[in-house]
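K.L.:
Contents are PDB, C-alpha atoms; file name entry_13.pdb:
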```pdb
ATOM      1  CA  MET A   1     -15.802 -26.160   3.271
ATOM      2  CA  PRO A   2     -17.691 -23.026   4.305
ATOM      3  CA  SER A   3     -19.771 -23.087   7.431
ATOM      4  CA  ASN A   4     -23.522 -22.987   7.129
ATOM      5  CA  ARG A   5     -23.567 -19.298   8.125
ATOM      6  CA  ILE A   6     -20.914 -18.382   5.547
ATOM      7  CA  GLY A   7     -22.805 -20.420   2.946
ATOM      8  CA  ARG A   8     -25.986 -18.440   3.616
ATOM      9  CA  ILE A   9     -24.062 -15.174   3.459
ATOM     10  CA  ASN A  10     -22.497 -16.248   0.137
ATOM     11  CA  GLU A  11     -25.950 -16.986  -1.279
ATOM     12  CA  GLU A  12     -27.327 -13.672  -0.058
ATOM     13  CA  ILE A  13     -24.374 -11.732  -1.495
ATOM     14  CA  GLN A  14     -24.806 -13.558  -4.808
ATOM     15  CA  ARG A  15     -28.524 -12.747  -4.901
ATOM     16  CA  GLU A  16     -28.015  -9.071  -4.010
ATOM     17  CA  LEU A  17     -25.159  -8.562  -6.482
ATOM     18  CA  ALA A  18     -27.190 -10.167  -9.270
ATOM     19  CA  ASP A  19     -29.977  -7.701  -8.483
ATOM     20  CA  GLN A  20     -27.557  -4.755  -8.387
ATOM     21  CA  LEU A  21     -26.023  -5.705 -11.761
ATOM     22  CA  ARG A  22     -29.363  -5.027 -13.444
ATOM     23  CA  HIS A  23     -29.262  -1.434 -12.165
ATOM     24  CA  LEU A  24     -25.580  -0.765 -12.856
ATOM     25  CA  LYS A  25     -25.106   2.044 -15.373
ATOM     26  CA  ASP A  26     -21.518   1.333 -16.416
ATOM     27  CA  PRO A  27     -21.721   0.564 -20.167
ATOM     28  CA  ARG A  28     -18.955  -2.032 -19.851
ATOM     29  CA  VAL A  29     -21.401  -4.092 -17.779
ATOM     30  CA  SER A  30     -24.881  -2.978 -18.808
ATOM     31  CA  GLN A  31     -24.407  -3.176 -22.579
ATOM     32  CA  VAL A  32     -22.729  -6.571 -22.771
ATOM     33  CA  GLY A  33     -25.813  -8.719 -22.601
ATOM     34  CA  MET A  34     -25.914 -11.485 -20.064
ATOM     35  CA  VAL A  35     -23.608 -11.209 -17.047
ATOM     36  CA  SER A  36     -24.080 -13.824 -14.330
ATOM     37  CA  ILE A  37     -22.760 -14.165 -10.804
ATOM     38  CA  THR A  38     -22.005 -17.887 -10.690
ATOM     39  CA  ARG A  39     -20.534 -18.177  -7.200
ATOM     40  CA  VAL A  40     -19.392 -16.181  -4.191
ATOM     41  CA  ASP A  41     -16.709 -17.320  -1.743
ATOM     42  CA  THR A  42     -16.439 -15.208   1.398
ATOM     43  CA  THR A  43     -13.615 -15.518   3.906
ATOM     44  CA  ASN A  44     -14.561 -16.592   7.427
ATOM     45  CA  ASP A  45     -13.842 -13.131   8.837
ATOM     46  CA  LEU A  46     -16.123 -11.547   6.165
ATOM     47  CA  ARG A  47     -13.344  -9.200   5.021
ATOM     48  CA  TYR A  48     -13.135 -10.422   1.418
ATOM     49  CA  ALA A  49     -15.521 -12.012  -1.053
ATOM     50  CA  ARG A  50     -14.444 -13.550  -4.337
ATOM     51  CA  VAL A  51     -17.237 -13.031  -6.817
ATOM     52  CA  TYR A  52     -17.107 -15.349  -9.836
ATOM     53  CA  VAL A  53     -18.615 -13.807 -12.957
ATOM     54  CA  SER A  54     -19.590 -15.417 -16.240
ATOM     55  CA  THR A  55     -20.453 -13.531 -19.418
ATOM     56  CA  LEU A  56     -22.215 -14.743 -22.518
ATOM     57  CA  ASP A  57     -19.870 -12.718 -24.748
ATOM     58  CA  LYS A  58     -16.406 -13.999 -23.810
ATOM     59  CA  SER A  59     -14.675 -11.431 -26.034
ATOM     60  CA  ARG A  60     -15.846  -8.618 -23.727
ATOM     61  CA  GLU A  61     -15.240 -10.450 -20.450
ATOM     62  CA  GLN A  62     -12.185  -8.385 -19.471
ATOM     63  CA  ASP A  63     -14.121  -5.147 -20.050
ATOM     64  CA  VAL A  64     -16.917  -6.458 -17.828
ATOM     65  CA  LEU A  65     -14.415  -7.281 -15.072
ATOM     66  CA  LYS A  66     -12.900  -3.802 -15.323
ATOM     67  CA  GLY A  67     -16.370  -2.253 -15.090
ATOM     68  CA  LEU A  68     -17.243  -4.371 -12.062
ATOM     69  CA  LYS A  69     -13.950  -3.533 -10.359
ATOM     70  CA  SER A  70     -14.579   0.174 -10.851
ATOM     71  CA  ALA A  71     -18.092  -0.239  -9.415
ATOM     72  CA  ALA A  72     -16.908  -2.419  -6.509
ATOM     73  CA  GLY A  73     -17.094   0.416  -3.961
ATOM     74  CA  PHE A  74     -20.655   1.277  -4.957
ATOM     75  CA  LEU A  75     -21.714  -2.389  -4.932
ATOM     76  CA  ARG A  76     -20.067  -2.886  -1.535
ATOM     77  CA  ARG A  77     -21.943   0.089  -0.045
ATOM     78  CA  GLU A  78     -25.229  -1.213  -1.443
ATOM     79  CA  LEU A  79     -24.507  -4.640   0.051
ATOM     80  CA  GLY A  80     -23.746  -3.015   3.391
ATOM     81  CA  HIS A  81     -27.105  -1.253   3.417
ATOM     82  CA  THR A  82     -28.999  -4.378   2.411
ATOM     83  CA  LEU A  83     -27.279  -7.147   4.373
ATOM     84  CA  GLN A  84     -26.448  -5.215   7.541
ATOM     85  CA  LEU A  85     -23.402  -7.277   8.423
ATOM     86  CA  ARG A  86     -20.776  -6.178  10.916
ATOM     87  CA  TYR A  87     -18.279  -6.123   8.044
ATOM     88  CA  THR A  88     -19.197  -5.788   4.411
ATOM     89  CA  PRO A  89     -16.629  -7.781   2.454
ATOM     90  CA  GLU A  90     -14.315  -6.213  -0.100
ATOM     91  CA  LEU A  91     -15.410  -7.545  -3.485
ATOM     92  CA  GLN A  92     -12.910  -9.226  -5.801
ATOM     93  CA  PHE A  93     -14.326 -10.055  -9.240
ATOM     94  CA  ILE A  94     -12.934 -13.105 -11.028
ATOM     95  CA  ALA A  95     -13.797 -14.520 -14.458
ATOM     96  CA  ASP A  96     -15.514 -17.895 -14.195
ATOM     97  CA  ASP A  97     -15.108 -20.224 -17.143
ATOM     98  CA  SER A  98     -16.752 -23.240 -15.495
ATOM     99  CA  ILE A  99     -19.762 -23.121 -17.854
ATOM    100  CA  GLN A 100     -17.479 -23.051 -20.889
ATOM    101  CA  HIS A 101     -15.337 -25.810 -19.355
ATOM    102  CA  GLY A 102     -18.428 -27.952 -18.699
ATOM    103  CA  ALA A 103     -19.620 -27.488 -22.290
ATOM    104  CA  HIS A 104     -16.174 -28.562 -23.534
ATOM    105  CA  ILE A 105     -16.266 -31.726 -21.395
ATOM    106  CA  LEU A 106     -19.790 -32.495 -22.637
ATOM    107  CA  GLU A 107     -18.614 -32.157 -26.243
ATOM    108  CA  ILE A 108     -15.712 -34.547 -25.586
ATOM    109  CA  LEU A 109     -18.100 -37.083 -24.024
ATOM    110  CA  ARG A 110     -20.396 -36.849 -27.055
ATOM    111  CA  GLN A 111     -17.448 -37.485 -29.377
ATOM    112  CA  VAL A 112     -16.427 -40.542 -27.360
ATOM    113  CA  GLU A 113     -20.011 -41.801 -27.423
ATOM    114  CA  LYS A 114     -20.149 -41.430 -31.233
ATOM    115  CA  GLN A 115     -16.843 -43.273 -31.567
ATOM    116  CA  ASP A 116     -18.155 -46.104 -29.368
ATOM    117  CA  GLU A 117     -21.356 -46.355 -31.427
ATOM    118  CA  ALA A 118     -19.364 -46.435 -34.681
ATOM    119  CA  ARG A 119     -17.036 -49.133 -33.309
ATOM    120  CA  ASP A 120     -19.888 -51.274 -32.006
ATOM    121  CA  GLY A 121     -21.777 -50.992 -35.257
ATOM    122  CA  GLY A 122     -24.695 -49.183 -33.698
ATOM    123  CA  ASP A 123     -26.161 -52.255 -31.951
ATOM    124  CA  ALA A 124     -24.956 -51.473 -28.429
ATOM    125  CA  GLY A 125     -28.504 -51.465 -27.059
ATOM    126  CA  GLU A 126     -29.409 -54.959 -28.334
ATOM    127  CA  THR A 127     -29.009 -58.058 -26.193
ATOM    128  CA  GLU A 128     -28.509 -61.678 -27.200
ATOM    129  CA  GLU A 129     -31.115 -64.286 -26.241
TER
END
```
Can I see the file as structure tokens?
P.N.:
Amino acid sequence: MPSNRIGRINEEIQRELADQLRHLKDPRVSQVGMVSITRVDTTNDLRYARVYVSTLDKSREQDVLKGLKSAAGFLRRELGHTLQLRYTPELQFIADDSIQHGAHILEILRQVEKQDEARDGGDAGETEE
């Protein structure tokens, strides 16, 4: 579990990168639509930061990651100017499918709920007196 300091740094990196993404001119990133930074995990020595990225258009996700990797040096320099840390972490961009995974789990739960309602005859909310 990250320390409180690392947690604050992760949040600040996430906030700054999200702001920088709006100004990025690489068409692989800027023309995709919605690109979100869902989480940042920084090592304790601040040398590396894993940046988890989610895109609305999953078919172009690999292009977005390539665009972000090519812009990693620029983004790192901008972070260095803004955050003023002793070390600015090297950015590693990783696709995050947690939103898609959560939606899949929710759909499964809804199916189970419908099956339970059908089996119970729809009167699950009634009580006997």
K.L.:
Go ahead and compute the interatomic distance for CA of Leu83 in chain A and CA of Ile9 in chain A, in Å to one decimal.
P.N.:
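Interatomic distance here is 8.7 Å.
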K.L.:
Could you please determine the separation between CA of Arg8 in chain A and CA of Thr43 in chain A in Å, to one decimal place?
P.N.:
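Result for CA of Arg8 in chain A versus CA of Thr43 in chain A: 12.7 Å, one decimal.
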K.L.:
For each of A:Arg15, A:Arg5, A:His101, A:Lys114, take the minimum atom-to-atom distance to Ser36 in chain A, counting all atoms listed in the file, then give the residue where this is smallest.
P.N.:
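Nearest candidate to Ser36 in chain A out of A:Arg15, A:Arg5, A:His101, A:Lys114: A:Arg15.
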K.L.:
So that I can see what lies close to range 21-27 of chain A, please list as a list of chain:residue names the residues with an atom at most 9 Å from it, counting only C-alpha atoms and leaving out residues fewer than 3 positions away in the same chain.
P.N.:
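Non-adjacent residues within range: A:Glu16, A:Leu17, A:Ala18, A:Ser30, A:Gln31, A:Val32, A:Val35, A:Ser36, A:Val64, A:Gly67, A:Leu68, A:Ser70, A:Ala71, A:Leu75.
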K.L.:
Do a neighbour search on Leu56 in chain A at 9 Å with all atoms listed in the file, toss out local chain neighbours closer than 2 positions, and write the hits as a ChimeraX atom specification.
P.N.:
/A:32-36,54,58-61
K.L.:
Using all atoms listed in the file, which of the listed residues (A:Glu90, A:Asp57, A:Asp116, A:Asp97) sits closest to Phe74 in chain A?
P.N.:
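Closest residue, counting all atoms listed in the file: A:Glu90.
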K.L.:
What separation in Å, quoted to one decimal, exists between CA of Val29 in chain A and CA of Ile94 in chain A?
P.N.:
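Here the two named atoms are 14.1 Å from each other.
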K.L.:
Please enclose the listed atoms of range 97-103 of chain A in an axis-aligned box, pad each side by 5 Å, and write out the centre and the three edge lengths in Å, rounded to one decimal, as lines of an AutoDock Vina configuration file.
P.N.:
```
center_x = -17.4
center_y = -24.1
center_z = -18.9
size_x = 14.7
size_y = 17.7
size_z = 16.8
```
K.L.:
I'd like to know which of A:Gln20, A:Gln62, A:Thr42, A:Asn4 is closest to Ala95 in chain A, using all atoms listed in the file.
P.N.:
A:Gln62
K.L.:
Need to verify the contact set: Leu85 in chain A, 10 Å, all atoms listed in the file, exclusion of same-chain residues closer than 4 positions in sequence. Can you return it as a list in words?
P.N.:
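The neighbour list is Ile9, Leu46, Leu79, Gly80, His81 and Pro89 of chain A.
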